[in-house]
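Source file upload.cif; content: mmCIF, C-alpha atoms.
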```
data_query
loop_
_atom_site.label_atom_id
_atom_site.label_comp_id
_atom_site.auth_asym_id
_atom_site.auth_seq_id
_atom_site.Cartn_x
_atom_site.Cartn_y
_atom_site.Cartn_z
CA MET A 170 -52.00 2.10 8.43
CA GLU A 171 -53.60 -1.07 7.11
CA LYS A 172 -51.13 -2.89 4.90
CA ASN A 173 -53.84 -4.19 2.59
CA TYR A 174 -54.39 -0.71 1.15
CA HIS A 175 -53.20 -0.10 -2.42
CA ILE A 176 -49.68 1.33 -2.63
CA ASN A 177 -51.11 4.61 -3.97
CA THR A 178 -53.15 5.00 -0.77
CA ASN A 179 -50.13 4.13 1.37
CA CYS A 180 -48.11 6.85 -0.39
CA VAL A 181 -50.60 9.34 0.97
CA GLN A 182 -51.66 7.82 4.29
CA ALA A 183 -49.11 5.39 5.73
CA GLY A 184 -46.93 6.19 8.72
CA TYR A 185 -49.10 8.81 10.40
CA SER A 186 -52.65 8.40 11.71
CA PRO A 187 -53.73 11.40 13.78
CA LYS A 188 -56.04 10.85 16.71
CA ASN A 189 -59.00 13.01 17.70
CA GLY A 190 -58.04 16.68 17.70
CA GLU A 191 -54.48 16.09 16.45
CA PRO A 192 -53.00 17.81 13.37
CA ARG A 193 -54.17 16.24 10.09
CA VAL A 194 -50.81 17.00 8.47
CA LEU A 195 -47.71 15.37 9.98
CA PRO A 196 -46.20 17.98 12.34
CA ILE A 197 -42.57 19.05 12.15
CA VAL A 198 -41.14 18.26 15.58
CA GLN A 199 -38.33 20.81 15.40
CA SER A 200 -36.78 19.94 18.74
CA THR A 201 -33.47 18.36 19.61
CA THR A 202 -34.58 17.19 23.05
CA TYR A 203 -37.57 15.76 24.92
CA LYS A 204 -38.62 16.31 28.54
CA TYR A 205 -39.07 13.51 31.09
CA GLU A 206 -40.49 13.58 34.60
CA SER A 207 -37.66 11.61 36.16
CA SER A 208 -34.11 10.46 35.50
CA VAL A 209 -35.26 6.87 35.98
CA LYS A 210 -37.70 7.11 33.07
CA MET A 211 -35.09 8.67 30.83
CA GLY A 212 -32.52 6.10 31.93
CA LYS A 213 -34.69 3.28 30.65
CA LEU A 214 -34.49 4.85 27.19
CA PHE A 215 -30.69 4.88 27.31
CA ASP A 216 -30.71 1.23 28.36
CA LEU A 217 -33.05 0.37 25.45
CA GLU A 218 -35.61 -0.90 27.95
CA ALA A 219 -38.37 1.53 26.91
CA ASP A 220 -39.58 3.20 23.72
CA GLY A 221 -39.50 6.95 23.34
CA TYR A 222 -37.47 9.96 22.29
CA PHE A 223 -34.63 11.65 24.08
CA TYR A 224 -32.38 13.16 21.40
CA THR A 225 -33.12 13.81 17.72
CA ARG A 226 -29.73 12.54 16.60
CA LEU A 227 -31.10 9.07 17.27
CA GLN A 228 -34.82 9.42 16.64
CA ASN A 229 -37.43 12.08 15.98
CA PRO A 230 -41.24 11.67 15.63
CA THR A 231 -41.39 13.39 12.22
CA ASN A 232 -38.51 11.35 10.85
CA ASP A 233 -39.92 8.11 12.22
CA ALA A 234 -43.36 8.69 10.69
CA VAL A 235 -41.86 9.21 7.23
CA ALA A 236 -39.59 6.19 7.67
CA ALA A 237 -42.66 4.14 8.60
CA ARG A 238 -44.38 5.22 5.38
CA ILE A 239 -41.43 4.11 3.24
CA THR A 240 -41.27 0.86 5.20
CA THR A 241 -44.91 0.21 4.36
CA LEU A 242 -44.33 1.00 0.68
CA GLU A 243 -41.46 -1.51 0.52
CA GLY A 244 -43.30 -4.12 2.57
CA GLY A 245 -40.65 -4.21 5.30
CA VAL A 246 -40.78 -4.52 9.09
CA ALA A 247 -38.59 -1.59 10.15
CA GLY A 248 -36.90 1.42 8.60
CA MET A 249 -34.89 4.52 9.29
CA LEU A 250 -34.04 7.78 7.55
CA THR A 251 -30.53 9.07 7.00
CA SER A 252 -29.22 12.44 5.87
CA SER A 253 -28.39 11.19 2.36
CA GLY A 254 -28.44 8.15 0.12
CA GLN A 255 -24.68 7.84 0.61
CA ALA A 256 -25.18 7.63 4.36
CA ALA A 257 -27.89 4.99 3.84
CA ASN A 258 -25.58 2.76 1.79
CA PHE A 259 -22.72 3.25 4.24
CA TYR A 260 -24.85 2.42 7.27
CA ALA A 261 -26.54 -0.53 5.53
CA THR A 262 -23.21 -2.21 4.81
CA PHE A 263 -21.22 -1.03 7.84
CA ASN A 264 -23.98 -2.34 10.09
CA VAL A 265 -22.92 -5.91 9.24
CA ALA A 266 -19.27 -5.56 8.18
CA SER A 267 -16.19 -4.27 9.96
CA ALA A 268 -12.40 -4.30 9.59
CA GLY A 269 -11.24 -7.62 8.16
CA ASP A 270 -14.57 -8.38 6.45
CA HIS A 271 -15.51 -8.61 2.79
CA ILE A 272 -18.52 -7.65 0.65
CA VAL A 273 -19.48 -8.67 -2.89
CA SER A 274 -20.84 -5.76 -4.93
CA SER A 275 -22.14 -5.21 -8.43
CA THR A 276 -19.94 -3.01 -10.59
CA ALA A 277 -23.00 -1.24 -12.00
CA ILE A 278 -23.60 1.19 -9.16
CA TYR A 279 -23.59 4.95 -8.67
CA GLY A 280 -20.08 6.41 -8.92
CA GLY A 281 -20.23 7.85 -5.42
CA THR A 282 -21.17 4.47 -3.99
CA PHE A 283 -18.34 2.79 -5.91
CA ASN A 284 -15.93 5.32 -4.42
CA LEU A 285 -17.40 4.80 -0.94
CA PHE A 286 -16.74 1.07 -1.23
CA SER A 287 -13.46 0.97 -3.13
CA VAL A 288 -11.72 3.88 -1.36
CA THR A 289 -13.29 5.00 1.92
CA MET A 290 -14.53 1.69 3.31
CA LYS A 291 -11.34 0.04 2.11
CA LYS A 292 -9.50 2.45 4.42
CA LEU A 293 -11.70 1.09 7.22
CA GLY A 294 -10.41 -2.40 6.48
CA ILE A 295 -13.40 -3.72 4.54
CA ASP A 296 -12.58 -5.37 1.22
CA PHE A 297 -14.87 -5.50 -1.82
CA THR A 298 -15.04 -7.79 -4.83
CA PHE A 299 -16.90 -6.25 -7.77
CA VAL A 300 -18.84 -8.36 -10.27
CA ARG A 301 -20.89 -7.35 -13.27
CA PRO A 302 -24.67 -7.61 -12.84
CA ASP A 303 -24.84 -10.07 -15.75
CA VAL A 304 -22.25 -12.33 -14.11
CA SER A 305 -22.87 -16.08 -14.35
CA GLU A 306 -23.97 -17.96 -11.25
CA GLU A 307 -20.65 -19.78 -11.17
CA GLU A 308 -18.62 -16.56 -11.33
CA LEU A 309 -20.87 -14.91 -8.75
CA ASN A 310 -20.43 -17.76 -6.28
CA ALA A 311 -16.68 -17.71 -6.86
CA ALA A 312 -16.55 -14.10 -5.60
CA PHE A 313 -17.50 -15.12 -2.05
CA ARG A 314 -14.96 -15.64 0.72
CA PRO A 315 -15.27 -17.09 4.24
CA ASN A 316 -15.33 -13.52 5.62
CA THR A 317 -18.00 -12.22 3.18
CA LYS A 318 -20.76 -10.43 5.10
CA ALA A 319 -23.14 -9.11 2.42
CA VAL A 320 -23.93 -8.67 -1.26
CA PHE A 321 -24.76 -5.21 -2.59
CA ALA A 322 -26.32 -4.13 -5.88
CA GLU A 323 -28.70 -1.60 -7.44
CA THR A 324 -32.05 -2.86 -8.74
CA LEU A 325 -31.72 -0.42 -11.66
CA SER A 326 -28.22 0.98 -11.88
CA ASN A 327 -27.34 4.65 -12.06
CA PRO A 328 -26.59 5.65 -14.80
CA SER A 329 -26.06 2.49 -16.89
CA LEU A 330 -29.66 1.27 -16.31
CA ASP A 331 -28.73 -2.38 -15.86
CA VAL A 332 -31.67 -4.34 -14.44
CA LEU A 333 -30.53 -6.61 -11.62
CA ASP A 334 -31.49 -10.27 -11.63
CA ILE A 335 -32.55 -10.00 -7.98
CA GLU A 336 -33.38 -13.68 -7.57
CA LYS A 337 -29.96 -14.76 -8.89
CA PHE A 338 -28.11 -12.46 -6.51
CA ALA A 339 -30.38 -13.36 -3.57
CA LYS A 340 -29.87 -17.07 -4.19
CA ALA A 341 -26.10 -16.68 -4.15
CA ALA A 342 -26.12 -14.46 -1.05
CA HIS A 343 -28.34 -16.85 0.90
CA ALA A 344 -26.32 -19.88 -0.18
CA HIS A 345 -23.36 -18.25 1.55
CA GLY A 346 -25.35 -17.18 4.61
CA VAL A 347 -25.32 -13.43 4.00
CA PRO A 348 -27.98 -10.82 3.15
CA LEU A 349 -28.63 -9.16 -0.19
CA ILE A 350 -28.70 -5.37 0.15
CA VAL A 351 -30.17 -3.51 -2.84
CA ASP A 352 -30.44 0.18 -3.64
CA ASN A 353 -33.94 0.65 -5.08
CA THR A 354 -33.70 4.39 -5.75
CA PHE A 355 -34.50 4.49 -9.46
CA PRO A 356 -37.52 2.14 -9.67
CA THR A 357 -38.88 3.08 -6.21
CA PRO A 358 -41.30 0.62 -4.58
CA ILE A 359 -43.92 1.79 -7.07
CA ASN A 360 -42.16 -0.14 -9.85
CA CYS A 361 -40.12 -2.74 -7.95
CA ARG A 362 -40.61 -4.52 -4.62
CA PRO A 363 -37.24 -6.24 -4.05
CA PHE A 364 -38.34 -8.11 -0.92
CA GLN A 365 -40.76 -10.14 -3.04
CA PHE A 366 -37.77 -11.53 -4.98
CA GLY A 367 -35.50 -12.37 -2.07
CA ALA A 368 -33.68 -9.13 -1.20
CA ASP A 369 -33.19 -8.61 2.53
CA ILE A 370 -32.34 -4.92 2.95
CA VAL A 371 -33.39 -2.02 0.70
CA THR A 372 -31.78 1.41 0.60
CA HIS A 373 -32.87 4.62 -1.11
CA SER A 374 -31.55 8.00 -1.98
CA THR A 375 -34.82 9.71 -1.10
CA THR A 376 -33.33 12.82 -2.72
CA LYS A 377 -34.52 11.41 -6.03
CA TYR A 378 -38.06 10.30 -6.92
CA MET A 379 -39.30 10.03 -3.35
CA ASP A 380 -38.75 13.72 -2.64
CA GLY A 381 -39.39 14.41 -6.30
CA HIS A 382 -38.76 18.14 -6.34
CA ALA A 383 -35.03 18.56 -5.61
CA THR A 384 -35.72 20.23 -2.28
CA SER A 385 -34.04 17.97 0.27
CA VAL A 386 -31.19 15.47 0.39
CA GLY A 387 -31.97 12.25 2.25
CA GLY A 388 -31.75 8.49 2.44
CA ALA A 389 -33.57 5.49 3.88
CA ILE A 390 -32.84 1.91 4.95
CA ILE A 391 -35.60 -0.71 5.14
CA ASP A 392 -35.32 -4.21 6.61
CA SER A 393 -37.50 -7.00 5.20
CA GLY A 394 -37.36 -8.91 8.46
CA HIS A 395 -36.75 -12.12 6.52
CA PHE A 396 -33.04 -12.66 7.09
CA ASP A 397 -32.05 -14.86 10.03
CA TRP A 398 -28.99 -13.21 11.58
CA THR A 399 -28.58 -16.12 14.02
CA GLN A 400 -28.15 -18.85 11.37
CA ASN A 401 -24.34 -18.62 11.61
CA ASP A 402 -21.63 -16.75 13.49
CA LYS A 403 -21.05 -14.11 10.80
CA PHE A 404 -22.87 -11.27 12.58
CA PRO A 405 -21.61 -10.99 16.18
CA GLY A 406 -22.62 -7.33 16.27
CA LEU A 407 -26.24 -8.46 16.15
CA THR A 408 -26.09 -11.79 17.94
CA THR A 409 -23.67 -11.18 20.84
CA PRO A 410 -23.86 -8.67 23.72
CA ASP A 411 -23.16 -5.01 22.95
CA GLU A 412 -21.14 -3.73 25.88
CA SER A 413 -21.87 -0.12 24.94
CA TYR A 414 -25.49 -0.83 25.90
CA HIS A 415 -24.93 -2.90 29.04
CA GLY A 416 -24.73 -6.18 27.19
CA VAL A 417 -27.94 -6.07 25.15
CA THR A 418 -28.10 -8.63 22.34
CA TYR A 419 -30.10 -7.10 19.50
CA THR A 420 -31.52 -10.29 17.99
CA GLU A 421 -32.73 -11.43 21.41
CA ARG A 422 -34.20 -8.10 22.55
CA PHE A 423 -35.61 -6.76 19.28
CA GLY A 424 -36.26 -9.79 17.07
CA LYS A 425 -37.04 -8.70 13.51
CA GLY A 426 -36.24 -5.12 14.48
CA ALA A 427 -32.65 -6.00 15.41
CA TYR A 428 -30.92 -4.73 12.28
CA ILE A 429 -32.55 -1.28 12.21
CA THR A 430 -32.30 -0.90 15.98
CA LYS A 431 -28.54 -1.55 15.86
CA ALA A 432 -28.11 0.88 12.96
CA THR A 433 -29.99 3.53 14.92
CA VAL A 434 -28.56 3.15 18.42
CA GLN A 435 -24.99 2.41 17.32
CA LEU A 436 -24.29 4.03 13.96
CA MET A 437 -26.60 7.01 14.21
CA ARG A 438 -25.48 7.53 17.81
CA ASP A 439 -21.81 7.58 16.83
CA LEU A 440 -21.82 8.96 13.28
CA GLY A 441 -24.89 11.19 13.39
CA SER A 442 -26.09 11.29 9.75
CA ILE A 443 -29.62 12.23 10.77
CA PRO A 444 -31.93 14.21 8.47
CA SER A 445 -33.46 17.38 9.79
CA PRO A 446 -37.15 17.05 10.73
CA HIS A 447 -37.96 19.73 8.17
CA ASN A 448 -36.32 17.72 5.38
CA ALA A 449 -38.23 14.64 6.52
CA PHE A 450 -41.43 16.67 6.38
CA LEU A 451 -40.69 17.74 2.79
CA LEU A 452 -39.95 14.10 1.92
CA GLY A 453 -43.31 13.12 3.36
CA ILE A 454 -45.05 15.67 1.16
CA GLY A 455 -43.19 14.30 -1.87
CA LEU A 456 -44.21 10.75 -1.08
CA GLU A 457 -47.89 11.69 -1.27
CA THR A 458 -47.64 12.13 -5.05
CA LEU A 459 -45.00 9.45 -5.70
CA PHE A 460 -47.39 6.97 -7.31
CA LEU A 461 -48.77 9.58 -9.71
CA ARG A 462 -45.39 11.08 -10.59
CA VAL A 463 -43.65 7.76 -11.23
CA GLN A 464 -46.39 6.78 -13.69
CA ARG A 465 -45.94 10.05 -15.61
CA HIS A 466 -42.14 9.82 -15.53
CA CYS A 467 -42.26 6.34 -17.03
CA GLU A 468 -44.85 7.23 -19.68
CA ASN A 469 -42.78 10.21 -20.80
CA ALA A 470 -39.49 8.30 -20.70
CA GLN A 471 -40.87 5.49 -22.86
CA LYS A 472 -41.92 8.02 -25.52
CA VAL A 473 -38.58 9.82 -25.32
CA ALA A 474 -36.67 6.54 -25.65
CA GLU A 475 -38.70 5.59 -28.73
CA PHE A 476 -38.11 9.05 -30.22
CA LEU A 477 -34.35 8.84 -29.64
CA GLU A 478 -34.13 5.31 -31.03
CA ALA A 479 -35.66 6.52 -34.30
CA ASN A 480 -33.47 9.64 -34.57
CA ASP A 481 -30.60 9.66 -37.06
CA LYS A 482 -28.41 11.83 -34.81
CA VAL A 483 -28.49 9.27 -31.99
CA ALA A 484 -25.85 6.51 -31.91
CA TRP A 485 -27.52 4.28 -29.32
CA VAL A 486 -30.27 4.29 -26.68
CA ASN A 487 -30.49 2.34 -23.45
CA TYR A 488 -33.88 2.13 -21.76
CA PRO A 489 -35.17 -1.15 -20.30
CA GLY A 490 -38.65 -0.42 -21.60
CA LEU A 491 -37.43 -0.76 -25.20
CA LYS A 492 -37.66 -4.21 -26.72
CA SER A 493 -34.16 -3.64 -28.11
CA SER A 494 -32.76 -3.42 -24.57
CA LYS A 495 -30.60 -6.32 -23.43
CA ASP A 496 -32.48 -6.18 -20.11
CA TYR A 497 -36.00 -6.00 -21.53
CA ALA A 498 -36.89 -9.51 -20.28
CA LEU A 499 -35.53 -8.78 -16.79
CA ALA A 500 -37.43 -5.49 -16.71
CA GLN A 501 -40.65 -7.29 -17.61
CA LYS A 502 -40.03 -9.74 -14.76
CA TYR A 503 -39.03 -7.34 -12.00
CA MET A 504 -40.54 -4.02 -13.15
CA PRO A 505 -43.45 -4.85 -15.46
CA HIS A 506 -45.19 -1.50 -14.95
CA GLY A 507 -42.13 0.60 -15.79
CA THR A 508 -38.55 1.12 -14.69
CA SER A 509 -37.86 4.82 -14.15
CA GLY A 510 -37.81 8.14 -15.96
CA VAL A 511 -34.11 7.87 -16.74
CA VAL A 512 -32.90 7.23 -20.29
CA SER A 513 -29.24 6.93 -21.29
CA PHE A 514 -28.03 7.45 -24.85
CA GLY A 515 -25.14 8.58 -27.00
CA VAL A 516 -25.04 11.17 -29.78
CA LYS A 517 -23.16 10.42 -33.00
CA GLY A 518 -19.86 12.25 -32.79
CA GLY A 519 -18.98 11.11 -29.27
CA ARG A 520 -18.08 13.27 -26.30
CA GLU A 521 -17.85 16.55 -28.25
CA ALA A 522 -21.25 16.05 -29.88
CA ALA A 523 -22.74 15.17 -26.52
CA ILE A 524 -21.47 18.43 -25.06
CA ARG A 525 -22.86 20.47 -27.99
CA PHE A 526 -26.22 18.72 -27.64
CA MET A 527 -26.44 19.45 -23.92
CA ASP A 528 -25.40 23.07 -24.34
CA HIS A 529 -28.28 23.70 -26.76
CA LEU A 530 -31.03 22.30 -24.54
CA GLU A 531 -33.51 24.91 -23.36
CA LEU A 532 -36.21 23.12 -21.35
CA ALA A 533 -33.92 20.42 -19.95
CA ALA A 534 -31.35 21.71 -17.46
CA ILE A 535 -27.77 20.53 -16.96
CA VAL A 536 -27.67 19.71 -13.26
CA THR A 537 -25.91 17.25 -10.95
CA HIS A 538 -29.18 15.62 -10.10
CA VAL A 539 -31.67 13.13 -11.42
CA ALA A 540 -35.24 12.00 -10.85
CA ASP A 541 -37.25 15.08 -9.98
CA ALA A 542 -40.26 16.68 -11.63
CA ARG A 543 -38.17 18.71 -14.07
CA THR A 544 -36.36 17.22 -17.06
CA CYS A 545 -32.61 17.35 -16.53
CA VAL A 546 -29.48 16.00 -18.18
CA LEU A 547 -25.94 15.08 -17.17
CA HIS A 548 -22.71 13.75 -18.65
CA PRO A 549 -21.64 11.25 -15.92
CA ALA A 550 -18.12 10.55 -17.20
CA SER A 551 -17.13 14.16 -16.55
CA THR A 552 -19.22 14.71 -13.40
CA THR A 553 -20.63 12.05 -11.06
CA HIS A 554 -18.24 9.34 -12.29
CA ARG A 555 -15.19 11.48 -13.09
CA GLN A 556 -13.20 9.90 -10.24
CA LEU A 557 -13.25 6.55 -12.06
CA THR A 558 -10.60 5.36 -14.48
CA ASP A 559 -11.53 4.50 -18.07
CA GLU A 560 -11.46 0.82 -17.14
CA GLN A 561 -13.73 1.42 -14.14
CA LEU A 562 -16.06 3.52 -16.30
CA GLU A 563 -16.42 0.68 -18.78
CA ALA A 564 -16.97 -1.82 -15.96
CA ALA A 565 -19.70 0.40 -14.55
CA GLY A 566 -21.34 0.69 -17.97
CA VAL A 567 -20.61 4.41 -18.26
CA GLY A 568 -18.99 5.18 -21.60
CA PRO A 569 -17.41 8.59 -22.33
CA ASP A 570 -20.30 9.47 -24.66
CA LEU A 571 -23.11 8.46 -22.28
CA ILE A 572 -25.75 11.12 -21.65
CA ARG A 573 -28.07 10.55 -18.70
CA LEU A 574 -31.45 12.12 -19.39
CA SER A 575 -33.89 12.29 -16.51
CA VAL A 576 -37.28 12.77 -18.13
CA GLY A 577 -39.60 14.94 -16.07
CA ILE A 578 -43.36 15.21 -15.82
CA GLU A 579 -43.74 18.15 -18.23
CA TYR A 580 -45.87 17.87 -21.38
CA ILE A 581 -44.21 15.24 -23.55
CA GLY A 582 -44.52 17.30 -26.74
CA ASP A 583 -42.42 20.07 -25.22
CA ILE A 584 -39.76 17.64 -23.99
CA ILE A 585 -39.36 15.99 -27.39
CA ALA A 586 -39.31 19.34 -29.21
CA ASP A 587 -36.46 20.49 -26.96
CA LEU A 588 -34.50 17.31 -27.62
CA GLN A 589 -35.06 17.63 -31.38
CA GLN A 590 -33.83 21.20 -31.65
CA ALA A 591 -30.73 20.39 -29.56
CA LEU A 592 -29.96 17.32 -31.67
CA ASP A 593 -30.28 19.43 -34.82
CA GLN A 594 -27.45 21.62 -33.49
CA ALA A 595 -25.23 18.84 -32.07
#
```

Using structure tokens, write down the structure from this file.
Amino acid sequence: MEKNYHINTNCVQAGYSPKNGEPRVLPIVQSTTYKYESSVKMGKLFDLEADGYFYTRLQNPTNDAVAARITTLEGGVAGMLTSSGQAANFYATFNVASAGDHIVSSTAIYGGTFNLFSVTMKKLGIDFTFVRPDVSEEELNAAFRPNTKAVFAETLSNPSLDVLDIEKFAKAAHAHGVPLIVDNTFPTPINCRPFQFGADIVTHSTTKYMDGHATSVGGAIIDSGHFDWTQNDKFPGLTTPDESYHGVTYTERFGKGAYITKATVQLMRDLGSIPSPHNAFLLGIGLETLFLRVQRHCENAQKVAEFLEANDKVAWVNYPGLKSSKDYALAQKYMPHGTSGVVSFGVKGGREAAIRFMDHLELAAIVTHVADARTCVLHPASTTHRQLTDEQLEAAGVGPDLIRLSVGIEYIGDIIADLQQALDQA
């Protein structure tokens, strides 16, 4: 697919170009294995000396085509799909850090990711220092250690909706010789292209806007190809021989594809968080309308945010598209065409009023999900972030009264009417 096409065209076309007589729609290659004419030919695949498929746990044609489309949308050089956004964030960080290493992370991240870092990866011997996204440059630089291997953040945090100053975090990461890894799930590449501002690796929970219909869990990792892994000795897994593959050195053999190749042939080989080809197919269908849906989500969310801000029953509203938002200037810089369809707010009366409000919604559904075509709502402090302490909740920007409203693509008049009648009964 030509990269000079508009991003809307790439949503529909990129990643799969059928030849004469081939299926117009990307086929589902529902096979675990692939036949070869000789053991020698298959052996070259296991030695990473030839391209091809031999087992779907590592690679699959359907999965690879969809990964290539997302890679094009982000403007990267290589990408891979995972079975979930959690797996994507784990692989993205674990690919460069191991026991005894350290990572700097924003506090304003999804509760599950915070738990992954602060509990599970800590058990693996990887330490994390958490800093607020609005941290000063001096404080940010002070968080680094000699064994720091990466910086992680969300471009638009879930659910606190903090807009990341990507350039500030990229500058600090690069000054210390490590990559900036950002989760771009909420804005999607339609609204934010992190590589243009210095990010090195992008992750996604494709479960959200990319799939767009709450049909399939998935994740993705995209490499910009800009980071030089050989500039220092921090990344021996990429720059020294891998004995599990007969001494191949990924940066020497695969160049700009080194990072994704290592994540595929090492982590996917050993941990196996591969999406099913059918889920990848559904993701590909969702991507075709991503550009159109994101526009509608943002249009509706802006109107909802303005409605809530003017409502007497509402205590506060956080949406980066509002001029009252503390991150309005950052949003205009990094996401000038819109942020996402997610609005967070609080109802006067606190937690109890929030619960009454949610229980009276009719069109909007209470679900543990966000960012699909249907309007949905959640109380993060008692669900997705309930494993966090009160102090951690405050650090993550998730107060006990915070309601996360994911505005869908329904008719805006119906959405606002549903909110109004529920607020009247809160």

Requested in this report: Would you mind reading off the distance between CA of Ala368 (chain A) and CA of Asn448 (chain A), one decimal, in Å?
Outcome: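 These atoms are spaced 27.8 Å apart.
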
Requested in this report: Using the chain letters and numbers from the file, give me the residues hit by the PyMOL selection byres ((chain A and resi 465-468) around 8), as an MDAnalysis selection string.
Outcome: chainID A and resid 461:464 469:472 507:510 576:578

Query raised in the report: Between A:Ser253, A:Thr430, A:Asn284, A:Asn229, which one has atoms that come closest to Thr558 (chain A), using all atoms listed in the file?
Result: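 Of the candidates, the smallest distance to Thr558 (chain A) is held by A:Asn284.
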
Requested in this report: Name the residues in contact with Asn327 (chain A) at a cut-off of 12 Å, using all atoms listed in the file, excluding same-chain residues fewer than 5 positions from it; report them as a ChimeraX atom specification.
Outcome: /A:275-283,322,332-333,352-356,374,377,488,509-513,538-540,547,549,553-554,565-567,571-575

Report task. Write out as a list in words each polymer residue whose atoms come within 6 Å of region 392-405 of chain A, counting only C-alpha atoms; drop sequence neighbours fewer than 5 positions from it. Result ->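 Once the nearby chain positions are removed, what remains is Gly245, Val246, Ala247, Asp369, Ile370 and Lys425 of chain A.
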
Requested in this report: Measuring atom to atom with all atoms listed in the file, identify which of A:His373, A:Lys492, A:His345, A:Arg193 is nearest to Thr357 (chain A).
Outcome: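 Of the candidates, the smallest distance to Thr357 (chain A) is held by A:His373.
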
Requested in this report: For CA of Gln501 (chain A) and CA of Ser329 (chain A), quote the distance in Å rounded to one decimal.
Outcome: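 Between CA of Gln501 (chain A) and CA of Ser329 (chain A) the gap works out to 17.6 Å.
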
Report task. List the neighbours of Gly367 (chain A) out to 8 Å using all atoms listed in the file; skip same-chain residues closer than 5 positions along the sequence, and give me the result as an MDAnalysis selection string. Result -> chainID A and resid 335:336 339:340 349

Query raised in the report: Taking all atoms listed in the file into account, which of A:Pro328, A:Glu306, A:Glu475, A:Ile391 comes nearest Val546 (chain A)?
Result: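 Nearest to Val546 (chain A): A:Pro328.
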
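The residue that comes closest to Leu452 (chain A), out of A:Met504, A:Val386, A:Ala256, A:Ile295 and on the basis of all atoms listed in the file, is A:Val386.
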
Report task. Determine the residue set returned by the PyMOL selection byres ((chain A and resi 206-217) around 12) for the present structure, and present it as a VMD selection string. Result -> chain A and resid 202 to 205 218 to 224 227 to 228 411 to 419 422 to 423 427 430 to 431 433 to 435 438

Keeping C-alpha atoms for every residue in the selection just given, could you write it to a file as a PDB file, in the frame of the given file?
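Everything below was put into part_30.pdb:
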```
ATOM      1  CA  THR A 202     -34.580  17.190  23.050  1.00  0.00           C
ATOM      2  CA  TYR A 203     -37.570  15.760  24.920  1.00  0.00           C
ATOM      3  CA  LYS A 204     -38.620  16.310  28.540  1.00  0.00           C
ATOM      4  CA  TYR A 205     -39.070  13.510  31.090  1.00  0.00           C
ATOM      5  CA  GLU A 218     -35.610  -0.900  27.950  1.00  0.00           C
ATOM      6  CA  ALA A 219     -38.370   1.530  26.910  1.00  0.00           C
ATOM      7  CA  ASP A 220     -39.580   3.200  23.720  1.00  0.00           C
ATOM      8  CA  GLY A 221     -39.500   6.950  23.340  1.00  0.00           C
ATOM      9  CA  TYR A 222     -37.470   9.960  22.290  1.00  0.00           C
ATOM     10  CA  PHE A 223     -34.630  11.650  24.080  1.00  0.00           C
ATOM     11  CA  TYR A 224     -32.380  13.160  21.400  1.00  0.00           C
ATOM     12  CA  LEU A 227     -31.100   9.070  17.270  1.00  0.00           C
ATOM     13  CA  GLN A 228     -34.820   9.420  16.640  1.00  0.00           C
ATOM     14  CA  ASP A 411     -23.160  -5.010  22.950  1.00  0.00           C
ATOM     15  CA  GLU A 412     -21.140  -3.730  25.880  1.00  0.00           C
ATOM     16  CA  SER A 413     -21.870  -0.120  24.940  1.00  0.00           C
ATOM     17  CA  TYR A 414     -25.490  -0.830  25.900  1.00  0.00           C
ATOM     18  CA  HIS A 415     -24.930  -2.900  29.040  1.00  0.00           C
ATOM     19  CA  GLY A 416     -24.730  -6.180  27.190  1.00  0.00           C
ATOM     20  CA  VAL A 417     -27.940  -6.070  25.150  1.00  0.00           C
ATOM     21  CA  THR A 418     -28.100  -8.630  22.340  1.00  0.00           C
ATOM     22  CA  TYR A 419     -30.100  -7.100  19.500  1.00  0.00           C
ATOM     23  CA  ARG A 422     -34.200  -8.100  22.550  1.00  0.00           C
ATOM     24  CA  PHE A 423     -35.610  -6.760  19.280  1.00  0.00           C
ATOM     25  CA  ALA A 427     -32.650  -6.000  15.410  1.00  0.00           C
ATOM     26  CA  THR A 430     -32.300  -0.900  15.980  1.00  0.00           C
ATOM     27  CA  LYS A 431     -28.540  -1.550  15.860  1.00  0.00           C
ATOM     28  CA  THR A 433     -29.990   3.530  14.920  1.00  0.00           C
ATOM     29  CA  VAL A 434     -28.560   3.150  18.420  1.00  0.00           C
ATOM     30  CA  GLN A 435     -24.990   2.410  17.320  1.00  0.00           C
ATOM     31  CA  ARG A 438     -25.480   7.530  17.810  1.00  0.00           C
TER      32      ARG A 438
END
```

Query raised in the report: When distances are computed from only C-alpha atoms, which of A:Gly248, A:Gly346, A:Pro489, A:Pro444 shows the smallest separation from Ile390 (chain A)?
Result: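 Once distances to Ile390 (chain A) are computed over only C-alpha atoms, the minimum belongs to A:Gly248.
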
Report summary line: For Ser326 (chain A), the closest of A:Val351, A:Ala534, A:Ala498, A:Ala311 counting only C-alpha atoms is A:Val351

Query raised in the report: Given the file above and the PyMOL selection byres ((chain A and resi 524) around 12), which residues are selected, and can you give them as a ChimeraX atom specification?
Result: /A:515-523,525-530,535,546-551,569-572,591-592,594-595

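Distance-wise, CA of Glu478 (chain A) and CA of Phe514 (chain A) end up 8.9 Å apart.
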
Around region 374-383 of chain A, fit a box with edges along x, y and z, padding it by 4 Å on each side, then list its centre and edge lengths in Å to one decimal as AutoDock Vina command-line options.
```
--center_x -35.5 --center_y 13.3 --center_z -4.0 --size_x 15.8 --size_y 18.6 --size_z 13.8
```

Query - Distance query Thr375 (chain A) at most 10 Å, all atoms listed in the file, self and fewer than 4 positions along chain excluded, as number ranges by chain - result: A: 239, 250-254, 257, 353-355, 357, 379-381, 383, 385-389, 449, 452, 455-456

**Report entry** Nearby residues (only C-alpha atoms) at most 7 Å from Ile272 (chain A), same-chain spacing under 5 positions excluded, as a list in words
**Finding:** Asp296, Phe297, Thr298, Thr317, Lys318, Ala319 and Val320 of chain A
